[in-house]
Amino acid sequence: MRTESGQEVSELTREEFIKYLHEGLSHLHDPGRLRRSRLAILLGVANRLDTSLALRNILIDAIESLKPRGDESSSSCAWQMHDALYCCYVQRLSQRIVADQLAVSPRQLRREQRVALEVLADHLCQQFELASQLQGGWAGGTKPGPTAPAAALSLSGEDLAWLKDVLPEKPTDLAETMPSVVDLVQPLLAQHRVCLDIQTPEGLPKLAVHPVALSQILLNLLSLAIPQVHDCQLLISARAVEWAVQIDLLGQRQTARRQALVDDDLASLEMACQIAEICAGKISVSEEDEAFFRAAATLPALGSLPVLIIDDNADALQLMQRFAAGTRYRPIVTRDPEHALELAASLHPKIIVLDVMMPQVDGWKVLGRLRQHPHTGHIPLIVCTILPQEALALSLGADGFVRKPITRQSLLAALDGQVARMATGPR
């Protein structure tokens, strides 16, 4: 087939187009690479004096076309899709920084970028009428249409997002959830002649996870573990770790050799990982031990992470307390900014949320004092204000910024981002 510029191009598969698109985005700020890009030929801007600039503008405009409407929640899948591309390719931020900003794991960020690339590819194909020019449409793929973004969103975990946003009727207790899970896996236990030994200590913290999410994580891990320890015992134990509860699965393999995971095993593991990530947890499975099967689920403990919130507005404090309900965050609130330093030094919060628009005292000065004091200078600080001054806040030492009026999603995303940053090392 021929492009609009008259150049001959061989039939292309959808995967090949996505590959060229990824290469173009990866070299978005390299004029030489853009000029030689196969994408320039496909999009009809090759052999021009301004080829690199034209191609760069096409790609940036395409990313901007994914930007949701102004009334869309900042934590929505649509915004995540747009930001996953814009921050990495246009702003050239590292994967780690973007993952922290979006409050997701690097693994989840890579998944979201893949989905976003597919949506972007379909958008460009439709815009430049590539599907109609390629013989038979997308070779090995499907012709893009108006439903492509919706289909991609379903792949990014939107169907599971409610597990994070819907609060359980009461705190989730591992000991109370476990019996129903064990009942469900009894046929599998009998089939593989596996004896289950459950050891959950008294006084274990409640979990900041919906009970449905906990059940599904356990079911998927058990479905993976039980066939691996055929004719042996599987031990499930739990213990409190910092800000979380760790659930360990340990079983000896009868053959003392690790069995290869089949598709169903991998699907169970992937689903457990995806649900855990949505709930700010993580899953690990050891691949090194031939004699034993080892897996662990680390899930956030309810109210385990103290957050000092400084705001002179009682309604704002009450709202943020309500937003933090049912999560791993335990808000400690004060309307007295003059005593913020004393409170922070004595209560040792893990994160500070500070309003800088307060009548009694200049919030920027409070920020400066908190940053300069040896007892508080290391604590991650989020500025939460009605003022549109994110750049100023960050330049003065803030680690995060939330613009009022806040939502539950925006507050938790900002807090989650600081937790993710703390997990990577000291500030």
# chains A, B, ... in the order shown; residues from 1 in each chain; ligands from 1

call {"tool": "residues_around", "arguments": {"residues": "Gly281 in chain A", "least_positions_apart": "5", "cutoff": "10 Å", "atoms": "only C-alpha atoms", "output": "list of chain:residue names"}}
result
A:Ser105, A:Ala208, A:Val209, A:Ala244, A:Val245, A:Gln246, A:Cys273, A:Gln274, A:Ile275, A:Ala276, A:Ala297, A:Thr298, A:Leu299, A:Pro300, A:Ala301

call {"tool": "select_by_dssp", "arguments": {"residues": "range 157-325 of chain A", "states": "strand (DSSP E or B)", "output": "MDAnalysis selection string"}}
result
chainID A and resid 172 195:199 207 233:241 244:252 282:285 292:301 305:310

call {"tool": "write_last_selection", "arguments": {"atoms": "N, CA and C atoms", "output": "tab-separated table (two decimals), in the first residue's frame"}}
result
chain	number	residue	atom	x	y	z
A	172	THR	N	-12.13	-5.55	58.30
A	172	THR	CA	-11.88	-6.89	57.78
A	172	THR	C	-10.93	-7.66	58.68
A	195	CYS	N	-3.07	-31.31	53.49
A	195	CYS	CA	-3.56	-30.94	54.82
A	195	CYS	C	-3.23	-29.47	55.07
A	196	LEU	N	-4.23	-28.72	55.48
A	196	LEU	CA	-4.05	-27.28	55.68
A	196	LEU	C	-3.87	-26.99	57.17
A	197	ASP	N	-2.80	-26.28	57.52
A	197	ASP	CA	-2.53	-25.87	58.90
A	197	ASP	C	-2.55	-24.35	58.95
A	198	ILE	N	-3.51	-23.79	59.70
A	198	ILE	CA	-3.68	-22.33	59.75
A	198	ILE	C	-3.28	-21.82	61.12
A	199	GLN	N	-2.36	-20.88	61.15
A	199	GLN	CA	-1.88	-20.29	62.40
A	199	GLN	C	-1.97	-18.77	62.30
A	207	LEU	N	-7.59	-5.45	58.72
A	207	LEU	CA	-7.02	-5.10	57.42
A	207	LEU	C	-7.79	-3.97	56.75
A	233	GLN	N	1.67	-31.07	53.51
A	233	GLN	CA	0.98	-30.09	54.35
A	233	GLN	C	1.27	-28.68	53.84
A	234	LEU	N	0.25	-27.82	53.92
A	234	LEU	CA	0.41	-26.42	53.55
A	234	LEU	C	0.12	-25.57	54.79
A	235	LEU	N	1.10	-24.78	55.19
A	235	LEU	CA	0.97	-23.93	56.38
A	235	LEU	C	0.62	-22.51	55.95
A	236	ILE	N	-0.41	-21.96	56.59
A	236	ILE	CA	-0.77	-20.55	56.41
A	236	ILE	C	-0.56	-19.85	57.74
A	237	SER	N	0.30	-18.86	57.78
A	237	SER	CA	0.56	-18.10	59.01
A	237	SER	C	0.46	-16.61	58.70
A	238	ALA	N	0.33	-15.82	59.74
A	238	ALA	CA	0.21	-14.38	59.55
A	238	ALA	C	0.94	-13.67	60.68
A	239	ARG	N	1.43	-12.49	60.38
A	239	ARG	CA	2.12	-11.69	61.39
A	239	ARG	C	2.03	-10.22	61.01
A	240	ALA	N	2.09	-9.39	62.02
A	240	ALA	CA	2.06	-7.95	61.80
A	240	ALA	C	3.45	-7.47	61.41
A	241	VAL	N	3.52	-6.69	60.34
A	241	VAL	CA	4.75	-6.02	59.95
A	241	VAL	C	4.43	-4.53	59.88
A	244	ALA	N	1.35	-3.09	58.06
A	244	ALA	CA	0.71	-4.14	57.25
A	244	ALA	C	0.62	-5.45	58.02
A	245	VAL	N	-0.08	-6.40	57.41
A	245	VAL	CA	-0.12	-7.79	57.88
A	245	VAL	C	0.41	-8.66	56.75
A	246	GLN	N	1.35	-9.53	57.08
A	246	GLN	CA	1.90	-10.43	56.06
A	246	GLN	C	1.36	-11.83	56.27
A	247	ILE	N	0.76	-12.37	55.20
A	247	ILE	CA	0.19	-13.72	55.22
A	247	ILE	C	1.14	-14.61	54.42
A	248	ASP	N	1.70	-15.62	55.08
A	248	ASP	CA	2.68	-16.50	54.45
A	248	ASP	C	2.08	-17.87	54.16
A	249	LEU	N	2.38	-18.40	52.99
A	249	LEU	CA	2.02	-19.77	52.63
A	249	LEU	C	3.31	-20.57	52.44
A	250	LEU	N	3.41	-21.70	53.14
A	250	LEU	CA	4.62	-22.51	53.06
A	250	LEU	C	4.24	-23.99	53.01
A	251	GLY	N	4.79	-24.69	52.03
A	251	GLY	CA	4.51	-26.12	51.90
A	251	GLY	C	5.68	-26.84	51.26
A	252	GLN	N	5.93	-28.06	51.72
A	252	GLN	CA	7.03	-28.85	51.16
A	252	GLN	C	6.54	-29.63	49.96
A	282	LYS	N	0.83	-6.21	48.17
A	282	LYS	CA	1.69	-6.86	47.18
A	282	LYS	C	1.73	-8.36	47.42
A	283	ILE	N	2.05	-9.09	46.38
A	283	ILE	CA	2.17	-10.55	46.41
A	283	ILE	C	3.58	-10.93	45.99
A	284	SER	N	4.16	-11.91	46.66
A	284	SER	CA	5.45	-12.43	46.23
A	284	SER	C	5.41	-13.95	46.27
A	285	VAL	N	6.01	-14.57	45.26
A	285	VAL	CA	6.12	-16.03	45.18
A	285	VAL	C	7.58	-16.36	44.93
A	292	PHE	N	10.55	-26.32	48.57
A	292	PHE	CA	9.40	-25.73	49.25
A	292	PHE	C	8.70	-24.73	48.34
A	293	PHE	N	7.38	-24.68	48.49
A	293	PHE	CA	6.59	-23.62	47.86
A	293	PHE	C	6.44	-22.49	48.88
A	294	ARG	N	6.79	-21.28	48.49
A	294	ARG	CA	6.69	-20.13	49.39
A	294	ARG	C	5.99	-18.98	48.67
A	295	ALA	N	5.00	-18.42	49.34
A	295	ALA	CA	4.31	-17.24	48.81
A	295	ALA	C	3.91	-16.36	49.99
A	296	ALA	N	3.74	-15.08	49.72
A	296	ALA	CA	3.35	-14.15	50.78
A	296	ALA	C	2.46	-13.06	50.19
A	297	ALA	N	1.46	-12.68	50.97
A	297	ALA	CA	0.61	-11.54	50.64
A	297	ALA	C	0.78	-10.51	51.75
A	298	THR	N	1.23	-9.33	51.39
A	298	THR	CA	1.39	-8.25	52.37
A	298	THR	C	0.29	-7.23	52.11
A	299	LEU	N	-0.60	-7.05	53.09
A	299	LEU	CA	-1.78	-6.21	52.93
A	299	LEU	C	-1.81	-5.13	54.00
A	300	PRO	N	-2.27	-3.93	53.67
A	300	PRO	CA	-2.23	-2.82	54.63
A	300	PRO	C	-3.12	-3.06	55.85
A	301	ALA	N	-2.58	-2.72	57.01
A	301	ALA	CA	-3.32	-2.85	58.26
A	301	ALA	C	-4.16	-1.59	58.48
A	305	LEU	N	-0.99	3.73	59.94
A	305	LEU	CA	-0.03	4.74	59.51
A	305	LEU	C	-0.52	6.13	59.94
A	306	PRO	N	0.09	6.71	60.98
A	306	PRO	CA	-0.38	8.01	61.49
A	306	PRO	C	-0.07	9.16	60.54
A	307	VAL	N	-1.07	10.01	60.32
A	307	VAL	CA	-0.92	11.17	59.45
A	307	VAL	C	-1.36	12.41	60.22
A	308	LEU	N	-0.48	13.38	60.37
A	308	LEU	CA	-0.82	14.64	61.04
A	308	LEU	C	-1.40	15.60	60.01
A	309	ILE	N	-2.64	16.06	60.25
A	309	ILE	CA	-3.31	16.98	59.33
A	309	ILE	C	-3.48	18.32	60.04
A	310	ILE	N	-2.92	19.37	59.45
A	310	ILE	CA	-2.94	20.72	60.04
A	310	ILE	C	-3.80	21.62	59.16

call {"tool": "closest_residue", "arguments": {"among": "A:Val45, A:Ala116, A:Ala414, A:Ile351", "to": "Gln101 in chain A", "atoms": "only C-alpha atoms"}}
result
A:Ala414

call {"tool": "residues_around", "arguments": {"residues": "Ser52 in chain A", "least_positions_apart": "4", "cutoff": "10 Å", "atoms": "only C-alpha atoms", "output": "MDAnalysis selection string"}}
result
chainID A and resid 28:37 40 45:48 56:58

call {"tool": "atom_distance", "arguments": {"atom1": "CA of Leu319 in chain A", "atom2": "CA of Leu415 in chain A"}}
result
15.2 Å

call {"tool": "residues_around", "arguments": {"residues": "Pro380 in chain A", "least_positions_apart": "2", "cutoff": "10 Å", "atoms": "only C-alpha atoms", "output": "ChimeraX atom specification"}}
result
/A:307,349-353,371,376-378,382,397-400,415,418-419,421-422,426-427

call {"tool": "write_last_selection", "arguments": {"atoms": "C-alpha atoms", "output": "compact mmCIF listing (two decimals), in the first residue's frame"}}
result
# COMPACT_ATOMS: atom_id res chain seq x y z
CA VAL A 307 -0.92 11.17 59.45
CA PRO A 349 3.56 10.96 62.17
CA LYS A 350 4.65 9.21 59.00
CA ILE A 351 3.14 11.93 56.76
CA ILE A 352 2.08 15.55 57.34
CA VAL A 353 -0.75 17.25 55.46
CA ARG A 371 11.33 21.38 56.99
CA THR A 376 10.40 16.76 61.32
CA GLY A 377 12.57 17.58 58.32
CA HIS A 378 12.54 13.96 57.14
CA ILE A 382 1.81 17.32 51.45
CA GLY A 397 10.28 21.55 50.32
CA ALA A 398 6.83 19.97 50.05
CA ASP A 399 6.82 16.38 48.80
CA GLY A 400 3.29 16.46 47.40
CA LEU A 415 -0.88 9.76 50.66
CA GLN A 418 4.31 9.30 49.69
CA VAL A 419 4.13 5.75 51.06
CA ARG A 421 8.25 6.99 47.86
CA MET A 422 9.16 6.00 51.42
CA PRO A 426 15.04 7.87 52.52
CA ARG A 427 14.05 11.25 51.14

call {"tool": "residues_around", "arguments": {"residues": "range 186-191 of chain A", "least_positions_apart": "2", "cutoff": "9 Å", "atoms": "only C-alpha atoms", "output": "list of chain:residue names"}}
result
A:Val181, A:Val182, A:Asp183, A:Leu184, A:Arg193, A:Val194, A:Cys195, A:Leu196, A:Ser223, A:Ile226, A:Pro227, A:His230

call {"tool": "write_last_selection", "arguments": {"atoms": "C-alpha atoms", "output": "PDB file, in the first residue's frame"}}
result
ATOM      1  CA  VAL A 181     -12.128 -19.494  52.071  1.00  0.00           C
ATOM      2  CA  VAL A 182     -11.092 -22.899  53.419  1.00  0.00           C
ATOM      3  CA  ASP A 183     -14.597 -24.255  52.757  1.00  0.00           C
ATOM      4  CA  LEU A 184     -14.321 -23.194  49.116  1.00  0.00           C
ATOM      5  CA  ARG A 193      -4.519 -34.804  49.499  1.00  0.00           C
ATOM      6  CA  VAL A 194      -3.177 -31.650  51.104  1.00  0.00           C
ATOM      7  CA  CYS A 195      -3.562 -30.935  54.819  1.00  0.00           C
ATOM      8  CA  LEU A 196      -4.054 -27.279  55.682  1.00  0.00           C
ATOM      9  CA  SER A 223      -5.414 -22.430  44.008  1.00  0.00           C
ATOM     10  CA  ILE A 226      -2.267 -26.614  46.677  1.00  0.00           C
ATOM     11  CA  PRO A 227      -1.264 -28.466  43.456  1.00  0.00           C
ATOM     12  CA  HIS A 230       0.517 -32.540  46.479  1.00  0.00           C
TER      13      HIS A 230
END

call {"tool": "atom_distance", "arguments": {"atom1": "CA of Cys279 in chain A", "atom2": "CA of Ala267 in chain A"}}
result
18.5 Å

call {"tool": "closest_residue", "arguments": {"among": "A:Pro211, A:Gly24, A:Pro68, A:Pro106", "to": "Leu55 in chain A", "atoms": "only C-alpha atoms"}}
result
A:Gly24

call {"tool": "closest_residue", "arguments": {"among": "A:Val356, A:Leu43, A:Leu93, A:Val104", "to": "Ser26 in chain A", "atoms": "only C-alpha atoms"}}
result
A:Leu93

call {"tool": "atom_distance", "arguments": {"atom1": "CA of Leu124 in chain A", "atom2": "CA of Leu49 in chain A"}}
result
22.1 Å
